[in-house]
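Visitor: As input, take entry04.cif (mmCIF, C-alpha atoms):
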data_entry
#
loop_
_atom_site.label_atom_id
_atom_site.label_comp_id
_atom_site.auth_asym_id
_atom_site.auth_seq_id
_atom_site.Cartn_x
_atom_site.Cartn_y
_atom_site.Cartn_z
CA MET S 271 0.00 0.00 0.00
CA SER S 272 1.34 3.41 -0.94
CA ASP S 273 1.41 6.14 1.69
CA LEU S 274 1.43 8.65 -1.17
CA ILE S 275 -2.27 8.03 -1.85
CA LEU S 276 -5.12 8.35 0.61
CA LEU S 277 -8.49 6.89 -0.36
CA ASN S 278 -11.27 8.91 1.22
CA SER S 279 -14.10 6.59 2.25
CA ALA S 280 -16.32 9.58 3.13
CA ALA S 281 -16.75 10.35 -0.59
CA SER S 282 -18.97 7.30 -1.04
CA ASN S 283 -21.54 9.03 1.17
CA TRP S 284 -21.29 12.44 -0.53
CA LYS S 285 -23.91 14.93 0.51
CA TRP S 286 -23.77 18.61 -0.32
CA CYS S 287 -26.73 20.92 -0.35
CA GLY S 288 -25.10 23.31 -2.79
CA LYS S 289 -25.82 26.32 -0.59
CA SER S 290 -23.22 29.01 -0.23
CA HIS S 291 -22.14 30.61 3.00
CA PRO S 292 -24.48 33.06 4.74
CA GLY S 293 -24.57 36.36 2.91
CA ALA S 294 -23.66 34.90 -0.48
CA GLU S 295 -26.37 33.69 -2.80
CA ALA S 296 -24.90 31.05 -5.09
CA SER S 297 -24.45 32.16 -8.70
CA SER S 298 -25.35 29.87 -11.56
CA GLU S 299 -22.57 28.63 -13.83
CA ALA S 300 -24.36 30.36 -16.71
CA ALA S 301 -24.31 33.71 -14.90
CA VAL S 302 -20.59 33.39 -14.16
CA LEU S 303 -19.84 32.47 -17.77
CA ASP S 304 -21.87 35.47 -18.97
CA PHE S 305 -19.73 37.70 -16.75
CA HIS S 306 -16.46 36.26 -18.06
CA ARG S 307 -17.60 36.84 -21.62
CA THR S 308 -17.66 40.58 -20.86
CA LEU S 309 -13.93 40.62 -20.05
CA PRO S 310 -11.32 41.46 -22.70
CA SER S 311 -10.16 38.49 -24.81
CA TYR S 312 -12.52 35.84 -23.45
CA GLY S 313 -12.20 32.49 -25.20
CA ARG S 314 -12.36 28.82 -24.24
CA THR S 315 -9.01 27.33 -23.28
CA ARG S 316 -8.18 24.14 -25.11
CA LEU S 317 -8.88 20.58 -23.98
CA GLN S 318 -6.09 18.51 -25.47
CA SER S 319 -6.41 14.78 -26.08
CA LEU S 320 -3.34 12.73 -25.12
CA PRO S 321 -3.94 9.32 -26.73
CA GLN S 322 -0.35 8.17 -26.16
CA LEU S 323 -0.81 8.53 -22.41
CA ALA S 324 -4.21 6.87 -22.51
CA ALA S 325 -2.71 3.83 -24.26
CA GLU S 326 0.25 3.72 -21.87
CA LEU S 327 -1.97 3.86 -18.80
CA GLY S 328 -4.69 1.57 -20.09
CA VAL S 329 -7.59 4.04 -20.00
CA GLY S 330 -10.02 5.23 -22.64
CA HIS S 331 -9.09 8.93 -22.77
CA VAL S 332 -6.67 11.30 -21.10
CA LEU S 333 -7.80 14.88 -21.73
CA LEU S 334 -5.87 17.89 -20.45
CA LYS S 335 -7.59 21.23 -19.81
CA ASP S 336 -4.82 23.69 -20.58
CA GLU S 337 -5.07 26.89 -18.51
CA SER S 338 -1.71 28.25 -19.66
CA ASP S 339 -3.34 31.17 -21.48
CA ARG S 340 -6.49 32.45 -19.76
CA PHE S 341 -7.25 36.08 -20.65
CA GLY S 342 -3.58 36.41 -21.57
CA LEU S 343 -2.39 35.22 -18.16
CA PRO S 344 -0.64 31.88 -17.54
CA SER S 345 -3.10 30.48 -15.02
CA PHE S 346 -6.74 29.72 -14.24
CA LYS S 347 -6.61 32.11 -11.27
CA ILE S 348 -8.00 35.06 -13.23
CA LEU S 349 -11.35 33.25 -13.46
CA GLY S 350 -11.82 33.30 -9.69
CA ALA S 351 -10.06 36.62 -9.14
CA SER S 352 -12.16 38.47 -11.71
CA TYR S 353 -15.50 37.21 -10.45
CA GLY S 354 -14.51 37.42 -6.79
CA VAL S 355 -13.25 41.00 -7.11
CA TYR S 356 -16.28 42.02 -9.18
CA ARG S 357 -18.73 40.69 -6.60
CA ALA S 358 -16.70 41.94 -3.62
CA VAL S 359 -16.35 45.49 -4.94
CA ALA S 360 -20.04 45.65 -5.85
CA ASP S 361 -20.94 44.40 -2.39
CA LYS S 362 -18.70 46.95 -0.68
CA LEU S 363 -20.31 49.73 -2.70
CA GLY S 364 -23.84 48.44 -2.12
CA ILE S 365 -24.43 47.91 -5.84
CA LEU S 366 -26.81 45.12 -6.84
CA VAL S 367 -25.40 42.47 -9.18
CA ASP S 368 -28.02 41.05 -11.54
CA SER S 369 -28.30 39.87 -15.12
CA HIS S 370 -27.77 43.43 -16.34
CA GLY S 371 -24.53 44.22 -14.60
CA PRO S 372 -23.16 46.56 -13.37
CA SER S 373 -20.56 46.94 -16.10
CA LEU S 374 -16.86 47.01 -15.25
CA GLU S 375 -16.77 50.65 -16.32
CA LEU S 376 -19.57 51.67 -13.95
CA LEU S 377 -18.18 49.61 -11.09
CA GLY S 378 -14.69 50.98 -11.57
CA SER S 379 -15.89 54.58 -11.73
CA GLU S 380 -17.82 54.25 -8.49
CA ALA S 381 -14.95 52.41 -6.80
CA ARG S 382 -12.51 55.18 -7.68
CA THR S 383 -14.93 57.84 -6.47
CA ARG S 384 -15.29 56.00 -3.14
CA GLY S 385 -11.53 55.40 -2.75
CA VAL S 386 -11.62 51.59 -2.88
CA SER S 387 -8.32 49.74 -3.09
CA LEU S 388 -7.64 46.00 -3.25
CA VAL S 389 -5.42 44.03 -0.88
CA THR S 390 -4.31 40.42 -1.10
CA CYS S 391 -1.35 38.09 -0.68
CA THR S 392 0.02 35.55 -3.10
CA GLU S 393 2.67 33.08 -4.11
CA GLY S 394 2.36 34.20 -7.72
CA ASN S 395 -0.58 33.73 -10.06
CA TRP S 396 -3.35 34.80 -7.67
CA GLY S 397 -1.70 38.14 -6.98
CA ARG S 398 -1.10 38.82 -10.64
CA ALA S 399 -4.75 37.99 -11.40
CA VAL S 400 -6.03 40.36 -8.70
CA ALA S 401 -3.67 43.03 -10.00
CA ARG S 402 -5.09 42.55 -13.51
CA MET S 403 -8.63 42.97 -12.23
CA ALA S 404 -7.58 46.11 -10.32
CA LYS S 405 -6.21 47.45 -13.62
CA TYR S 406 -9.51 46.72 -15.36
CA LEU S 407 -11.33 48.68 -12.63
CA GLY S 408 -8.70 51.43 -12.42
CA VAL S 409 -8.20 51.05 -8.67
CA PRO S 410 -4.98 50.56 -6.63
CA ALA S 411 -3.88 47.11 -5.49
CA LYS S 412 -1.34 46.16 -2.82
CA ILE S 413 -0.05 42.60 -3.03
CA PHE S 414 1.88 41.01 -0.14
CA VAL S 415 4.30 38.23 -1.09
CA PRO S 416 6.56 35.85 0.88
CA SER S 417 10.30 36.46 0.80
CA PHE S 418 11.02 33.27 -1.20
CA MET S 419 9.09 34.55 -4.24
CA PRO S 420 11.43 34.93 -7.27
CA VAL S 421 12.17 38.45 -8.43
CA THR S 422 10.83 37.57 -11.87
CA THR S 423 7.44 36.65 -10.38
CA ARG S 424 7.29 39.90 -8.42
CA ALA S 425 8.08 41.81 -11.60
CA ARG S 426 5.11 40.25 -13.40
CA ILE S 427 2.79 41.45 -10.63
CA THR S 428 4.19 44.98 -10.62
CA GLY S 429 3.90 44.89 -14.41
CA GLU S 430 0.12 44.78 -13.94
CA GLY S 431 0.34 48.08 -12.05
CA ALA S 432 0.11 46.78 -8.49
CA GLU S 433 2.33 47.57 -5.51
CA VAL S 434 4.24 44.51 -4.26
CA VAL S 435 5.24 44.31 -0.60
CA VAL S 436 7.76 41.59 0.35
CA VAL S 437 7.14 40.01 3.75
CA ASN S 438 10.05 38.53 5.68
CA GLY S 439 8.54 35.09 6.10
CA ASP S 440 6.41 32.43 4.41
CA TYR S 441 2.95 32.47 2.85
CA ASP S 442 1.16 32.45 6.22
CA ASP S 443 3.17 35.53 7.25
CA SER S 444 2.07 37.33 4.09
CA VAL S 445 -1.54 36.43 4.92
CA ALA S 446 -1.15 38.12 8.31
CA ALA S 447 0.35 41.22 6.68
CA ALA S 448 -2.50 41.46 4.17
CA LYS S 449 -5.09 41.18 6.93
CA GLU S 450 -3.43 44.02 8.82
CA GLU S 451 -3.35 46.23 5.71
CA ALA S 452 -7.00 45.49 4.99
CA ALA S 453 -8.00 47.10 8.28
CA LYS S 454 -7.25 50.51 6.75
CA ALA S 455 -10.12 52.63 5.45
CA GLY S 456 -11.08 51.91 1.87
CA SER S 457 -9.07 48.70 1.68
CA LEU S 458 -10.84 45.56 0.48
CA LEU S 459 -9.28 42.20 1.26
CA VAL S 460 -9.77 39.76 -1.61
CA MET S 461 -8.49 36.26 -0.86
CA ASP S 462 -9.04 32.91 -2.53
CA PHE S 463 -9.40 30.99 0.72
CA GLY S 464 -11.54 31.41 3.80
CA TRP S 465 -11.30 31.34 7.56
CA GLU S 466 -13.87 31.83 10.28
CA GLY S 467 -15.63 35.11 9.58
CA TYR S 468 -14.18 35.42 6.06
CA GLU S 469 -16.06 33.06 3.78
CA VAL S 470 -18.31 35.01 1.40
CA ILE S 471 -15.63 36.38 -0.94
CA PRO S 472 -13.83 33.01 -1.21
CA GLN S 473 -17.15 31.47 -2.23
CA TRP S 474 -17.48 33.99 -5.05
CA VAL S 475 -13.93 33.10 -6.10
CA VAL S 476 -14.87 29.41 -6.23
CA GLU S 477 -17.93 30.24 -8.32
CA GLY S 478 -15.63 32.04 -10.74
CA TYR S 479 -13.84 28.80 -11.51
CA SER S 480 -17.06 27.22 -12.78
CA THR S 481 -16.41 28.70 -16.23
CA MET S 482 -13.45 26.35 -16.68
CA LEU S 483 -15.64 23.41 -15.70
CA SER S 484 -18.56 24.37 -17.94
CA GLU S 485 -16.14 24.61 -20.84
CA SER S 486 -14.50 21.27 -20.12
CA ASP S 487 -17.86 19.49 -19.90
CA GLU S 488 -18.72 20.69 -23.39
CA GLN S 489 -15.26 19.87 -24.73
CA VAL S 490 -15.20 16.34 -23.29
CA LEU S 491 -18.44 15.55 -25.10
CA GLU S 492 -17.11 17.12 -28.29
CA GLN S 493 -13.98 14.96 -28.17
CA THR S 494 -15.46 11.65 -27.02
CA GLY S 495 -18.79 11.89 -28.84
CA THR S 496 -20.90 10.34 -26.09
CA SER S 497 -18.85 10.03 -22.90
CA SER S 498 -18.40 12.38 -19.96
CA ALA S 499 -15.54 12.56 -17.47
CA THR S 500 -15.16 9.63 -15.08
CA HIS S 501 -12.08 10.96 -13.23
CA ALA S 502 -10.93 14.53 -12.59
CA PHE S 503 -7.43 15.39 -11.30
CA VAL S 504 -6.89 18.81 -9.72
CA PRO S 505 -4.01 20.49 -7.83
CA VAL S 506 -4.51 21.75 -4.28
CA GLY S 507 -3.03 24.85 -2.73
CA VAL S 508 -5.46 26.32 -0.21
CA GLY S 509 -8.23 24.26 -1.79
CA SER S 510 -10.46 26.68 -3.72
CA ILE S 511 -10.03 25.21 -7.21
CA ALA S 512 -10.35 21.72 -5.73
CA GLN S 513 -13.57 22.83 -4.04
CA ALA S 514 -14.93 24.06 -7.36
CA VAL S 515 -14.01 20.83 -9.15
CA THR S 516 -15.44 18.65 -6.36
CA GLN S 517 -18.75 20.51 -6.19
CA HIS S 518 -19.06 20.39 -9.95
CA PHE S 519 -18.39 16.70 -10.41
CA LYS S 520 -20.37 15.60 -7.35
CA ASP S 521 -23.49 17.54 -8.33
CA SER S 522 -26.20 14.90 -8.64
CA THR S 523 -28.19 17.17 -10.97
CA ARG S 524 -25.49 17.12 -13.68
CA THR S 525 -26.80 15.51 -16.82
CA ALA S 526 -23.24 14.44 -17.64
CA GLY S 527 -23.03 12.35 -14.46
CA MET S 528 -20.69 12.39 -11.51
CA ALA S 529 -16.97 11.65 -11.59
CA LYS S 530 -14.29 10.64 -9.12
CA VAL S 531 -12.19 13.60 -7.93
CA ILE S 532 -8.51 13.04 -7.19
CA THR S 533 -6.44 15.86 -5.69
CA VAL S 534 -2.68 16.34 -5.85
CA GLU S 535 -0.25 18.13 -3.53
CA PRO S 536 3.53 18.31 -3.07
CA VAL S 537 4.94 15.90 -0.46
CA THR S 538 6.37 19.00 1.24
CA ALA S 539 2.97 20.74 1.53
CA ALA S 540 0.36 18.01 1.90
CA SER S 541 -2.07 20.06 3.97
CA LEU S 542 -5.24 18.49 2.53
CA LYS S 543 -4.00 14.90 2.82
CA THR S 544 -2.90 15.58 6.40
CA SER S 545 -6.30 17.08 7.22
CA LEU S 546 -8.20 14.21 5.61
CA GLU S 547 -6.17 11.75 7.67
CA ALA S 548 -6.91 13.71 10.85
CA GLY S 549 -10.57 14.36 10.01
CA ALA S 550 -10.13 18.09 10.66
CA ILE S 551 -8.18 21.02 9.24
CA SER S 552 -4.61 20.47 10.39
CA PRO S 553 -2.13 23.28 9.61
CA ILE S 554 1.35 22.01 8.76
CA PRO S 555 4.80 23.53 8.23
CA THR S 556 5.84 23.43 4.59
CA LYS S 557 9.12 23.30 2.70
CA ASP S 558 10.22 24.75 -0.62
CA THR S 559 8.93 23.03 -3.73
CA ILE S 560 9.03 23.69 -7.46
CA MET S 561 5.22 23.51 -7.18
CA CYS S 562 5.36 26.86 -5.39
CA GLY S 563 1.72 27.76 -6.09
CA MET S 564 0.75 24.75 -3.98
CA ASN S 565 3.10 25.53 -1.09
CA CYS S 566 0.29 26.19 1.40
CA GLY S 567 0.09 24.85 4.92
CA THR S 568 -3.58 25.37 5.77
CA VAL S 569 -6.74 24.32 3.94
CA SER S 570 -9.41 26.98 3.43
CA THR S 571 -12.26 26.68 5.90
CA ALA S 572 -14.65 27.48 3.05
CA ALA S 573 -13.32 24.57 0.98
CA TRP S 574 -12.87 22.03 3.77
CA PRO S 575 -16.47 20.73 4.15
CA VAL S 576 -16.65 20.01 0.43
CA LEU S 577 -13.20 18.44 0.20
CA LYS S 578 -13.65 16.36 3.35
CA SER S 579 -16.80 14.70 2.06
CA GLY S 580 -16.30 14.83 -1.70
CA VAL S 581 -12.68 14.08 -2.65
CA ASP S 582 -12.26 10.42 -3.60
CA ALA S 583 -8.48 10.28 -3.27
CA SER S 584 -5.62 12.54 -2.19
CA VAL S 585 -2.26 12.03 -3.89
CA VAL S 586 1.10 13.60 -3.03
CA VAL S 587 3.97 13.84 -5.52
CA THR S 588 7.64 14.75 -5.31
CA ASP S 589 9.37 17.58 -7.14
CA ALA S 590 11.16 15.00 -9.28
CA GLU S 591 7.83 13.46 -10.32
CA ALA S 592 6.37 16.87 -11.14
CA HIS S 593 9.46 17.76 -13.18
CA ARG S 594 9.21 14.49 -15.11
CA ALA S 595 5.57 15.30 -15.86
CA VAL S 596 6.58 18.74 -17.17
CA ARG S 597 9.06 17.08 -19.54
CA ASP S 598 6.57 14.39 -20.60
CA LEU S 599 3.95 17.01 -21.44
CA GLN S 600 6.48 19.07 -23.37
CA ALA S 601 7.17 16.00 -25.53
CA LEU S 602 3.42 15.82 -26.23
CA GLY S 603 3.17 19.48 -27.20
CA VAL S 604 1.87 20.86 -23.88
CA GLU S 605 3.81 23.63 -22.14
CA ALA S 606 3.04 23.44 -18.42
CA GLY S 607 4.53 24.52 -15.13
CA PRO S 608 5.12 22.09 -12.26
CA CYS S 609 1.76 22.81 -10.58
CA GLY S 610 -0.16 22.15 -13.76
CA ALA S 611 1.88 19.07 -14.66
CA SER S 612 1.47 17.62 -11.17
CA THR S 613 -1.89 16.19 -12.21
CA LEU S 614 -0.13 13.91 -14.70
CA ALA S 615 2.29 12.81 -11.98
CA ALA S 616 -0.67 12.01 -9.73
CA LEU S 617 -2.45 10.08 -12.49
CA ARG S 618 0.60 7.89 -12.98
CA LEU S 619 0.72 7.05 -9.26
CA ALA S 620 -3.03 6.50 -8.99
CA VAL S 621 -3.12 4.10 -11.95
CA ARG S 622 -0.04 2.26 -10.72
CA ASP S 623 -1.06 1.86 -7.07
CA LYS S 624 -4.87 2.20 -6.91
CA ARG S 625 -6.09 1.21 -10.34
CA GLU S 626 -8.81 -1.15 -9.18
CA GLU S 627 -9.88 0.86 -6.13
CA LEU S 628 -10.36 4.01 -8.22
CA GLY S 629 -11.98 2.21 -11.14
CA PHE S 630 -9.55 2.91 -13.98
CA ASP S 631 -10.28 0.84 -17.08
CA GLN S 632 -10.60 1.06 -20.85
CA ASP S 633 -13.80 3.08 -20.52
CA SER S 634 -12.31 5.73 -18.23
CA VAL S 635 -12.34 9.36 -19.37
CA VAL S 636 -9.70 11.18 -17.34
CA VAL S 637 -9.54 14.98 -17.24
CA LEU S 638 -6.34 16.63 -15.98
CA TYR S 639 -6.73 20.26 -14.94
CA CYS S 640 -3.43 21.83 -15.91
CA THR S 641 -3.62 25.04 -13.93
CA GLU S 642 -0.54 26.97 -15.04
CA GLY S 643 1.71 27.58 -18.00
CA PRO S 644 5.51 27.18 -18.15
CA ARG S 645 7.73 29.14 -15.79
CA GLU S 646 11.26 29.14 -14.46
CA TYR S 647 12.23 26.79 -11.67
CA GLU S 648 15.31 25.02 -10.41
CA THR S 649 15.51 21.47 -11.71
CA PRO S 650 15.26 19.06 -8.77
CA GLN S 651 18.20 16.74 -8.17
#
Could you quickly redo this structure as structure tokens?
Guide:
Amino acid sequence: MSDLILLNSAASNWKWCGKSHPGAEASSEAAVLDFHRTLPSYGRTRLQSLPQLAAELGVGHVLLKDESDRFGLPSFKILGASYGVYRAVADKLGILVDSHGPSLELLGSEARTRGVSLVTCTEGNWGRAVARMAKYLGVPAKIFVPSFMPVTTRARITGEGAEVVVVNGDYDDSVAAAKEEAAKAGSLLVMDFGWEGYEVIPQWVVEGYSTMLSESDEQVLEQTGTSSATHAFVPVGVGSIAQAVTQHFKDSTRTAGMAKVITVEPVTAASLKTSLEAGAISPIPTKDTIMCGMNCGTVSTAAWPVLKSGVDASVVVTDAEAHRAVRDLQALGVEAGPCGASTLAALRLAVRDKREELGFDQDSVVVLYCTEGPREYETPQ
């Protein structure tokens, strides 16, 4: 038995009412997609078929949802950041969001008049996405980052027009700094994970990710003809994208049917796997990893109830395995960073060690959510 894979027995008894947290009425996937279509350069990201991998692993299809170019940014994060910021700013200003808007132009004008500024912290892609949304609205953004963030990553965030503040510490220290900054008048804290008392905005962020899932549902049917996904692999940082994927594929009202959800984390930052083993959120110390966007030590309280009862398996991978997956995908024409490629590394382990338990066979339709494009990193030894 591999200690790199945890099978979650609770998923067989999945129950989720689909209700959002108090104060946040759940948005439909159609409404979120309509919003994203109003943003500059909207277009579906590709779902690439990888028949060589499918044959190697003995499954029907391996399909990779490539989020390396979403609105011109190299990550899926802009989906959640754009919708989360839009809803949060409207809420702060007391503006009703309905099928008619408000438009970005109207929202931005009112936000500037009222002196609204955005605050967040990041390990990379989230901060850049929030900065992009602040640029769309024409409002200031202050982004707190941990000291280990590469200078090149910081430069990409400042290139969006935001102010970057380096915190002498890790990601959790940058969270604390962002919270302190958000106490200032006019500041609006926009985070992609929740804690007690801060759960409404993270829920809007999660709803923003539904556009990726609506697209992939359509694309799977287009590519297979009649089949829908049977297995979905998704990376975990704080848990928001995994929450979105789990809710989507465990929704009993989906005409496409439910699928098994398998999460992946670095061995050095396995906060979800640790929490699933303990049966409660269990913060852990983390170590450096080339999967730096997943280097998070605490699962979001907003995501936890869904992940605890809905994730079928939790897989952890090493930096070497993620790097191999990057190289394998490059050979197949997919340019991915280590976080995005980690789903392939997890698929390899899951098929090797838990093939029967997770139901992989010649009829399986596996979707890998590749959450980031290529970036610089130090090759693991």
Visitor: Please enumerate the residues selected by the PyMOL selection byres ((chain S and resi 414-423) around 10) when evaluated against the supplied file, formatted as a PyMOL selection string.
Guide: chain S and resi 389-395+397-398+411-413+424-429+433-449+451+558+562+645-647
Visitor: Name all residues at most 8 Å from stretch 400-404 of chain S (count all atoms listed in the file; drop same-chain ones fewer than 5 positions away) and give them as a list in words.
Guide: Ile348, Ala351, Ser352, Val355, Leu388, Thr390, Val409, Pro410, Ala411, Ile413, Ile427, Glu430, Gly431 and Ala432 of chain S
Visitor: So, with all atoms listed in the file as the atoms that count, which of S:Val576, S:Leu546, S:Ile551, S:Ala595 lies closest to S:Lys520?
Guide: S:Val576
Visitor: In Å to one decimal, how far is atom CA of S:Glu642 from atom CA of S:Asp589?
Guide: 15.8 Å
Visitor: What does the structure give for the distance between atom CA of S:Glu380 and atom CA of S:Glu450, in Å to one decimal?
Guide: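 Answer for the atom CA of S:Glu380 to atom CA of S:Glu450 separation: 24.7 Å.
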Visitor: I'd like to see the residues matched by the PyMOL selection byres ((chain S and resi 334) around 12) on this file, and ideally I'd get them as a PyMOL selection string.
Guide: chain S and resi 315-321+323-324+331-333+335-338+482+486+489-490+493+499+501-504+599+602-606+610-614+617+635-642
Visitor: Tell me which residues the PyMOL selection byres ((chain S and resi 498) around 8) grabs here, as a list in words.
Guide: Asp487, Val490, Leu491, Thr494, Thr496, Ser497, Ala499, Thr500, Ala526, Gly527 and Val635 of chain S
Visitor: I'd like the neighbourhood of S:Leu374 as an MDAnalysis selection string, where a residue qualifies if any of its atoms comes within 9 Å (using all atoms listed in the file), though same-chain residues fewer than 4 positions away should be ignored.
Guide: chainID S and resid 308:309 356 378:379 406:407
Visitor: Find the residue from S:Gly580, S:Pro608, S:Pro644, S:Pro575 that sits nearest to S:Glu535; use only C-alpha atoms when measuring.
Guide: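 Nearest candidate to S:Glu535 out of S:Gly580, S:Pro608, S:Pro644, S:Pro575: S:Pro608.
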